[in-house]
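Quick notes on the structure that follows.
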Amino acid sequence: MKTSSVETVLVTGGTGFIAGWCIVELLQRGYAVRTTVRSLSSEKRVREAIAKSNITGDRLSFFAADLTQDDGWAAAVEGCDYVLHVASPLGGGAPADRNALVVPARDGTLRVLRAAIAAGVKRVVMTSAAATARPPLSSGRMSDETVWSDPADPQFDEYRVSKILAERAAWEFMRHAARSTEPATATEPATATKPTTATELTTVLPGAVFGPILTPESLSSVRIIQGLLRGQPVAMPRLGFWVTDVRDLADLHIRAMVSPAAAGQRFIAAGEFMWMEDMANVLRSQLGNLASRVPRRRLPNFVVKLLLPFMADLRTLAPLIGRQFALTSEKARRVLGFSPRPATMTLVDCARSLGHPQP
């Protein structure tokens with residue numbers, strides 16, 4: 001039985017970029033925080049990263065749990081009020097199997113949800129991706145929370161396919177758990193409506209996440225900024241990103257965790273759209289010598305499509321060359337007060353935290 005008045009939050013995947021900032025924000029706001037890591041040998045590294053924000057780790061504890069295994073999840077969730085399910089496997093290129101990450105992402109999500117329901121957790125906030133609400137690029141439709149992406153759409157790489165199917169599975173599982181009905185079909189995902197079970201689900205769908213890093217591992221989207229600082233690619237493709245600041249994203253997770261209006265809802269979290277060329281211009285104008293190697297040239301689209309197979313960090317984005325797809329985070333702004341900081345600040349703070357990356 002819970003005796004403390006301090007609420008406890010489990011953050012999955014404590015070594016990750018987003019999870020680290022969620023931990024920092026929760027500790028700053030007085031919560032007791034637990035986090036999962038695949039091996040407890042990572043605890044020292046995570047504590048050192050958290051300490052960079054002048055946060056003491058007295059209310060932070062660690063549990064060993066892996067998305068691919070049942071062991072550890074019940075213990076990690078027991079006694080928690082909330083769960084922020086941030087952990088997800090990351091891609092490492094473009095394998096032939098576009099479903100390579102689906103099983104750990106989907107099954108890991110279901111393990112977390114089962115454990116949360118069994119423990120009587122109030123709400124699970126799951127980190128999804130804005131790509132899970134993106135229509136076909138040729139449709140002309142805007143990305144919003146009513147859209148469910150088609151995992152068979154060739155615009156999506158293995159990472160985004162895993163996010164699409166993991167979020168679908170989460171809503172289907174919660175609908176089944178709440179209403180004891182058969183889950184939706186794979187082509188017609190469950191509508192995100194407020195479940196009636198004691199445990200509620202909310203999903204947050206960020207764009208490309210940048211911002212200051214706490215640790216040089218698990219950089220995810222930040223590798224794009226790191227590459228620009230290293231002068232890579234030598235000439236830039238016409239690629240654009242909806243920028244999400246990791247600090248704003250952590251704040252939105254907590255808002256989604258506690259707001260009564262957030263139960264059973266999806267929220268897209270994105271700030272400004274920026275082309276890679278514009279990002280490079282920001283870095284050069286704001287960072288002086290730190291940005292001395294940032295490229296200045298832009299490659300024609302037809303050349304980019306020929307070269308992308310050899311550009312490891314960007315090749316999975318080939319379908320987005322030259323496209324600025326419409327997206328709105330109006331719902332998150334209206335319901336949760338999401339107010340993203342300027343993208344320029346996000347990029348500059350991100351680059352400064354990286355320091356002088358070596359080639």
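By convention here, the chains of the structure tokens are called A, B, ... in the order presented, each chain's residues are numbered starting at 1, and ligands are numbered starting at 1 in the order presented.
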Within 7 Å of segment 167-170 of chain A: each segment 72-115 of chain A residue with its shortest pair, only C-alpha atoms, as a Markdown table:
```
| residue | atom | partner | partner_atom | distance |
| --- | --- | --- | --- | --- |
| A:Arg106 | CA | A:Ala169 | CA | 6.5 |
| A:Thr109 | CA | A:Ala170 | CA | 6.7 |
| A:Leu110 | CA | A:Ala170 | CA | 6.5 |
```
request  = List every residue of segment 99-278 of chain A that DSSP, applied to the backbone, labels as strand (DSSP E), and write the result as a PyMOL selection string.
outcome  = chain A and resi 123-127+200-206+208-210+235-236+240-245+266-269+273-275
C-alpha atoms of the current selection, written as a PDB file, in the first residue's frame:
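Written out: result.pdb:
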```pdb
ATOM      1  CA  ARG A 123      -2.173   6.794 -16.527  1.00  0.00           C
ATOM      2  CA  VAL A 124       0.443   5.702 -19.052  1.00  0.00           C
ATOM      3  CA  VAL A 125       1.819   8.389 -21.362  1.00  0.00           C
ATOM      4  CA  MET A 126       3.444   6.762 -24.380  1.00  0.00           C
ATOM      5  CA  THR A 127       5.973   8.480 -26.628  1.00  0.00           C
ATOM      6  CA  GLU A 200      -5.728   5.499 -18.823  1.00  0.00           C
ATOM      7  CA  LEU A 201      -3.575   5.940 -21.923  1.00  0.00           C
ATOM      8  CA  THR A 202      -2.340   9.101 -23.626  1.00  0.00           C
ATOM      9  CA  THR A 203       0.097   9.254 -26.537  1.00  0.00           C
ATOM     10  CA  VAL A 204       2.476  12.080 -27.465  1.00  0.00           C
ATOM     11  CA  LEU A 205       3.651  12.359 -31.087  1.00  0.00           C
ATOM     12  CA  PRO A 206       6.830  14.465 -31.457  1.00  0.00           C
ATOM     13  CA  ALA A 208      12.303  15.615 -34.989  1.00  0.00           C
ATOM     14  CA  VAL A 209      13.602  15.981 -31.438  1.00  0.00           C
ATOM     15  CA  PHE A 210      16.557  18.289 -30.881  1.00  0.00           C
ATOM     16  CA  ALA A 235      26.285  19.593 -49.614  1.00  0.00           C
ATOM     17  CA  MET A 236      22.817  19.474 -48.089  1.00  0.00           C
ATOM     18  CA  GLY A 240      12.949  19.589 -43.794  1.00  0.00           C
ATOM     19  CA  PHE A 241      11.945  18.768 -40.233  1.00  0.00           C
ATOM     20  CA  TRP A 242       9.237  19.740 -37.784  1.00  0.00           C
ATOM     21  CA  VAL A 243      11.443  20.722 -34.841  1.00  0.00           C
ATOM     22  CA  THR A 244      10.549  19.592 -31.326  1.00  0.00           C
ATOM     23  CA  ASP A 245      12.645  20.763 -28.372  1.00  0.00           C
ATOM     24  CA  ARG A 266      -3.252  11.696 -28.896  1.00  0.00           C
ATOM     25  CA  PHE A 267      -1.187  14.904 -29.050  1.00  0.00           C
ATOM     26  CA  ILE A 268       1.160  15.977 -31.840  1.00  0.00           C
ATOM     27  CA  ALA A 269       4.120  17.908 -30.393  1.00  0.00           C
ATOM     28  CA  PHE A 273       9.283  23.539 -39.753  1.00  0.00           C
ATOM     29  CA  MET A 274      12.861  24.110 -40.926  1.00  0.00           C
ATOM     30  CA  TRP A 275      14.747  23.023 -44.014  1.00  0.00           C
TER      31      TRP A 275
END
```
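Shortest atom-to-atom contact with Ala270 of chain A among A:Arg293, A:Arg223, A:Arg341, A:His176: A:Arg341, counting only C-alpha atoms.
If only C-alpha atoms are the atoms counted, then among A:Arg247, A:Arg323, A:Arg297, A:Arg238 the closest residue to Phe17 of chain A is A:Arg247.
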task = Find the residues near Thr36 of chain A: any atom within 7 Å, counting only C-alpha atoms, skip ones fewer than 2 places away on the same chain, and give them as a PyMOL selection string.
result = chain A and resi 11-14+34+38+62-65
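Put simply, atom CA of His85 of chain A is 15.0 Å away from atom CA of Phe173 of chain A.
Atom CA of Ala262 of chain A lies 24.5 Å from atom CA of Arg141 of chain A.
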request  = Using DSSP on the backbone, list every residue of segment 33-281 of chain A that comes out as helix (DSSP H, G or I), and give them as a VMD selection string.
outcome  = chain A and resid 40 to 51 73 to 77 102 to 119 130 to 133 158 to 179 222 to 229 246 to 258 260 to 262 276 to 281
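Excluding Leu214 of chain A and any residue on its chain fewer than 6 positions from it, the residues at most 12 Å away by only C-alpha atoms are Gly14, Thr15, Gly16, Phe17, Ile18, Ala19, Gly20, Trp21, Cys22, Ile23, Val24, Arg45, Val46, Arg47, Glu48, Ala49, Ile50, Ala51, Lys52, Ser53, Asn54, Val222, Val246, Arg247, Asp349, Cys350, Arg352, Ser353 and Leu354 of chain A.
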Writer output for current selection, N, CA and C atoms, as an mmCIF file, in the first residue's frame:
```
data_model
loop_
_atom_site.group_PDB
_atom_site.id
_atom_site.type_symbol
_atom_site.label_atom_id
_atom_site.label_comp_id
_atom_site.auth_asym_id
_atom_site.auth_seq_id
_atom_site.Cartn_x
_atom_site.Cartn_y
_atom_site.Cartn_z
ATOM 1 N N GLY A 14 15.722 4.766 -19.361
ATOM 2 C CA GLY A 14 16.388 5.898 -18.726
ATOM 3 C C GLY A 14 17.663 6.378 -19.384
ATOM 4 N N THR A 15 18.292 5.566 -20.238
ATOM 5 C CA THR A 15 19.521 6.007 -20.907
ATOM 6 C C THR A 15 19.240 6.858 -22.139
ATOM 7 N N GLY A 16 17.980 7.001 -22.531
ATOM 8 C CA GLY A 16 17.643 7.698 -23.768
ATOM 9 C C GLY A 16 17.613 9.212 -23.640
ATOM 10 N N PHE A 17 17.639 9.867 -24.775
ATOM 11 C CA PHE A 17 17.653 11.334 -24.873
ATOM 12 C C PHE A 17 16.389 11.948 -24.263
ATOM 13 N N ILE A 18 15.230 11.500 -24.713
ATOM 14 C CA ILE A 18 13.966 12.053 -24.214
ATOM 15 C C ILE A 18 13.735 11.640 -22.773
ATOM 16 N N ALA A 19 13.997 10.379 -22.461
ATOM 17 C CA ALA A 19 13.774 9.891 -21.099
ATOM 18 C C ALA A 19 14.604 10.671 -20.086
ATOM 19 N N GLY A 20 15.851 10.989 -20.446
ATOM 20 C CA GLY A 20 16.702 11.744 -19.525
ATOM 21 C C GLY A 20 16.094 13.069 -19.131
ATOM 22 N N TRP A 21 15.542 13.780 -20.119
ATOM 23 C CA TRP A 21 14.931 15.069 -19.815
ATOM 24 C C TRP A 21 13.610 14.916 -19.072
ATOM 25 N N CYS A 22 12.876 13.833 -19.328
ATOM 26 C CA CYS A 22 11.670 13.567 -18.535
ATOM 27 C C CYS A 22 12.036 13.353 -17.073
ATOM 28 N N ILE A 23 13.111 12.611 -16.833
ATOM 29 C CA ILE A 23 13.563 12.386 -15.463
ATOM 30 C C ILE A 23 13.932 13.699 -14.798
ATOM 31 N N VAL A 24 14.688 14.548 -15.499
ATOM 32 C CA VAL A 24 15.083 15.843 -14.953
ATOM 33 C C VAL A 24 13.862 16.669 -14.579
ATOM 34 N N ARG A 45 26.071 6.054 -15.258
ATOM 35 C CA ARG A 45 26.072 6.972 -16.406
ATOM 36 C C ARG A 45 24.839 7.869 -16.401
ATOM 37 N N VAL A 46 23.676 7.309 -16.081
ATOM 38 C CA VAL A 46 22.453 8.110 -16.061
ATOM 39 C C VAL A 46 22.509 9.129 -14.931
ATOM 40 N N ARG A 47 22.974 8.721 -13.764
ATOM 41 C CA ARG A 47 23.065 9.668 -12.643
ATOM 42 C C ARG A 47 24.012 10.820 -12.969
ATOM 43 N N GLU A 48 25.119 10.518 -13.623
ATOM 44 C CA GLU A 48 26.064 11.574 -14.002
ATOM 45 C C GLU A 48 25.425 12.536 -14.998
ATOM 46 N N ALA A 49 24.607 12.001 -15.920
ATOM 47 C CA ALA A 49 23.937 12.857 -16.898
ATOM 48 C C ALA A 49 22.913 13.763 -16.211
ATOM 49 N N ILE A 50 22.138 13.201 -15.301
ATOM 50 C CA ILE A 50 21.132 13.988 -14.585
ATOM 51 C C ILE A 50 21.796 15.083 -13.766
ATOM 52 N N ALA A 51 22.941 14.792 -13.191
ATOM 53 C CA ALA A 51 23.644 15.760 -12.351
ATOM 54 C C ALA A 51 24.077 17.001 -13.128
ATOM 55 N N LYS A 52 24.204 16.896 -14.451
ATOM 56 C CA LYS A 52 24.585 18.049 -15.265
ATOM 57 C C LYS A 52 23.541 19.149 -15.200
ATOM 58 N N SER A 53 22.309 18.802 -14.838
ATOM 59 C CA SER A 53 21.241 19.798 -14.704
ATOM 60 C C SER A 53 21.085 20.269 -13.270
ATOM 61 N N ASN A 54 22.117 20.008 -12.444
ATOM 62 C CA ASN A 54 22.110 20.400 -11.026
ATOM 63 C C ASN A 54 20.930 19.792 -10.277
ATOM 64 N N VAL A 222 19.468 14.076 -33.004
ATOM 65 C CA VAL A 222 20.571 15.009 -32.768
ATOM 66 C C VAL A 222 21.766 14.703 -33.658
ATOM 67 N N VAL A 246 13.488 18.989 -26.936
ATOM 68 C CA VAL A 246 13.370 17.894 -25.979
ATOM 69 C C VAL A 246 12.857 18.376 -24.630
ATOM 70 N N ARG A 247 13.178 19.621 -24.265
ATOM 71 C CA ARG A 247 12.692 20.156 -22.984
ATOM 72 C C ARG A 247 11.199 20.442 -23.039
ATOM 73 N N ASP A 349 21.115 25.615 -28.714
ATOM 74 C CA ASP A 349 21.388 24.920 -27.448
ATOM 75 C C ASP A 349 21.846 23.486 -27.703
ATOM 76 N N CYS A 350 21.267 22.862 -28.706
ATOM 77 C CA CYS A 350 21.670 21.507 -29.074
ATOM 78 C C CYS A 350 23.130 21.492 -29.517
ATOM 79 N N ARG A 352 25.535 23.690 -28.981
ATOM 80 C CA ARG A 352 26.468 24.044 -27.904
ATOM 81 C C ARG A 352 26.694 22.876 -26.953
ATOM 82 N N SER A 353 25.667 22.092 -26.731
ATOM 83 C CA SER A 353 25.829 20.950 -25.831
ATOM 84 C C SER A 353 26.718 19.870 -26.452
ATOM 85 N N LEU A 354 26.773 19.851 -27.793
ATOM 86 C CA LEU A 354 27.631 18.892 -28.476
ATOM 87 C C LEU A 354 29.100 19.305 -28.457
#
```
message = What's around Ala326 of chain A at 12 Å? Count only C-alpha atoms, leave out sequence neighbours fewer than 6 positions away in its own chain, and write the answer as a VMD selection string.
response = chain A and resid 130 to 131 133 to 144 240 to 242 270 272 to 273
message = Ranking A:Ser88, A:Gly337, A:Leu347, A:Phe325 by minimum distance to Gln286 of chain A and counting only C-alpha atoms, which one comes first?
response = A:Leu347
query = For Asp71 of chain A, which residue out of A:Val112, A:Ala87, A:Arg59, A:Ile225 is the nearest one, using only C-alpha atoms?
reply = A:Val112
inquiry  = So the first atom is atom CA of Met174 of chain A and the second is atom CA of Ala116 of chain A; what is the distance between them in Å, to one decimal place?
reply    = 11.2 Å
task = For each of A:Leu165, A:Val102, A:Leu90, A:Leu317, take the minimum atom-to-atom distance to Leu219 of chain A, counting only C-alpha atoms, then give the residue where this is smallest.
result = A:Leu90
ask   = Within 10 Å of Leu336 of chain A, counting only C-alpha atoms, which residues qualify if same-chain residues fewer than 6 places away don't, as a PyMOL selection string?
value = chain A and resi 252-256+258-262+267+330
With N, CA and C atoms retained, export the selected residues as a compact mmCIF listing (two decimals), in the first residue's frame.
```
# COMPACT_ATOMS: atom_id res chain seq x y z
N LEU A 252 5.61 18.53 -21.97
CA LEU A 252 4.32 18.09 -22.50
C LEU A 252 3.96 16.70 -21.98
N HIS A 253 4.94 15.83 -21.83
CA HIS A 253 4.66 14.51 -21.26
C HIS A 253 4.04 14.64 -19.86
N ILE A 254 4.58 15.55 -19.07
CA ILE A 254 4.06 15.72 -17.71
C ILE A 254 2.68 16.36 -17.73
N ARG A 255 2.47 17.32 -18.62
CA ARG A 255 1.13 17.90 -18.77
C ARG A 255 0.12 16.83 -19.19
N ALA A 256 0.54 15.97 -20.12
CA ALA A 256 -0.34 14.89 -20.56
C ALA A 256 -0.58 13.87 -19.46
N VAL A 258 -0.90 14.53 -16.16
CA VAL A 258 -1.74 14.99 -15.04
C VAL A 258 -3.03 15.66 -15.47
N SER A 259 -3.16 16.08 -16.72
CA SER A 259 -4.36 16.79 -17.14
C SER A 259 -5.53 15.83 -17.32
N PRO A 260 -6.67 16.09 -16.65
CA PRO A 260 -7.85 15.23 -16.86
C PRO A 260 -8.28 15.19 -18.32
N ALA A 261 -8.09 16.30 -19.04
CA ALA A 261 -8.53 16.38 -20.44
C ALA A 261 -7.67 15.54 -21.38
N ALA A 262 -6.51 15.07 -20.91
CA ALA A 262 -5.59 14.32 -21.78
C ALA A 262 -5.90 12.84 -21.84
N PHE A 267 -1.61 13.51 -28.92
CA PHE A 267 -1.19 14.90 -29.05
C PHE A 267 0.08 14.99 -29.91
N GLU A 330 -2.02 22.12 -32.94
CA GLU A 330 -3.00 23.01 -32.33
C GLU A 330 -3.69 22.35 -31.14
```
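Among the candidate residues A:Ala332, A:Ala318, A:Leu299, A:Leu229, the one lying nearest to Val348 of chain A is A:Leu229, with distances computed using only C-alpha atoms.
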